[in-house]
Amino acid sequence: QAEILLATHKPAMLQEPFGHATLLYASLLAQRGVKEVRLVGERTDPELAKMLKGLKEHYAPHLMVFLYEGDSKLPLFQGLEISDRATAYVCHRFTCSPPLQDPASLLEMVGTLQ
């Protein structure tokens, strides 16, 4: 249904892009896919705070950030290594990066996402 909607409205989006910002954004997500950063750690951890701050300062409209605190049953956190250090995983199309525990490494990897 999303593909039909985007195809139906394509001429209008091309003619008047500012009036169709939400549909253009949906089209971008459909083409590129959503990238995820899955963060594991305690909200009070200074390293996790650095990761979150860096992600907030980085413009990435196709990026979703999920934070795991405690005992989550969400499938997107299943199979990830949970340690006592703040850890990030960058995921796309059901594949995740190795664990990243350095905020600079996380931001570098996020910066390479297209």
# chains A, B, ... in the order shown; residues from 1 in each chain; ligands from 1
$ residues_around --residues "Tyr59 of chain A" --least-positions-apart "5" --cutoff "10 Å" --atoms "only C-alpha atoms" --output "ChimeraX atom specification"
/A:54,110-111
$ write_last_selection --atoms "N, CA and C atoms" --output "PDB file, in the first residue's frame"
ATOM      1  N   GLY A  54      26.233  12.423  21.124  1.00  0.00           N
ATOM      2  CA  GLY A  54      26.773  12.435  19.771  1.00  0.00           C
ATOM      3  C   GLY A  54      25.729  12.098  18.730  1.00  0.00           C
ATOM      4  N   VAL A 110      28.232   5.588  12.250  1.00  0.00           N
ATOM      5  CA  VAL A 110      26.972   6.235  11.887  1.00  0.00           C
ATOM      6  C   VAL A 110      27.208   7.242  10.772  1.00  0.00           C
ATOM      7  N   GLY A 111      28.348   7.917  10.793  1.00  0.00           N
ATOM      8  CA  GLY A 111      28.675   8.887   9.760  1.00  0.00           C
ATOM      9  C   GLY A 111      28.864   8.286   8.393  1.00  0.00           C
TER      10      GLY A 111
END
$ residues_around --residues "segment 86-94 of chain A" --least-positions-apart "5" --cutoff "6 Å" --atoms "only C-alpha atoms" --output "ChimeraX atom specification"
/A:35-41,48,99-101
$ closest_residue --among "A:Tyr25, A:Arg85, A:Leu80, A:Leu74" --to "Thr44 of chain A" --atoms "only C-alpha atoms"
A:Arg85
$ select_by_dssp --residues "segment 28-71 of chain A" --states "strand (DSSP E or B)" --output "PyMOL selection string"
chain A and resi 35-40+63-68
$ closest_residue --among "A:Lys50, A:Ser105, A:Leu14, A:Glu42" --to "Ile82 of chain A" --atoms "only C-alpha atoms"
A:Glu42
$ atom_distance --atom1 "atom CA of Tyr68 of chain A" --atom2 "atom CA of Thr112 of chain A"
23.7 Å
$ select_by_dssp --residues "chain A" --states "alpha helix (DSSP H)" --output "number ranges by chain"
A: 2-15, 21-32, 46-57, 103-111
$ atom_distance --atom1 "atom CA of Glu108 of chain A" --atom2 "atom CA of Ala26 of chain A"
25.5 Å
$ atom_distance --atom1 "atom CA of Pro103 of chain A" --atom2 "atom CA of Gln31 of chain A"
28.1 Å
$ residues_around --residues "His62 of chain A" --least-positions-apart "4" --cutoff "8 Å" --atoms "only C-alpha atoms" --output "ChimeraX atom specification"
/A:28-29,32-35
$ closest_residue --among "A:Val65, A:Leu55, A:Leu107, A:Leu6" --to "His20 of chain A" --atoms "only C-alpha atoms"
A:Leu6
$ closest_residue --among "A:Leu106, A:Leu23, A:Ile4, A:Lys10" --to "His58 of chain A" --atoms "only C-alpha atoms"
A:Leu106
$ closest_residue --among "A:Ala104, A:Leu52, A:Gln78, A:Ala30" --to "Leu5 of chain A" --atoms "only C-alpha atoms"
A:Ala30
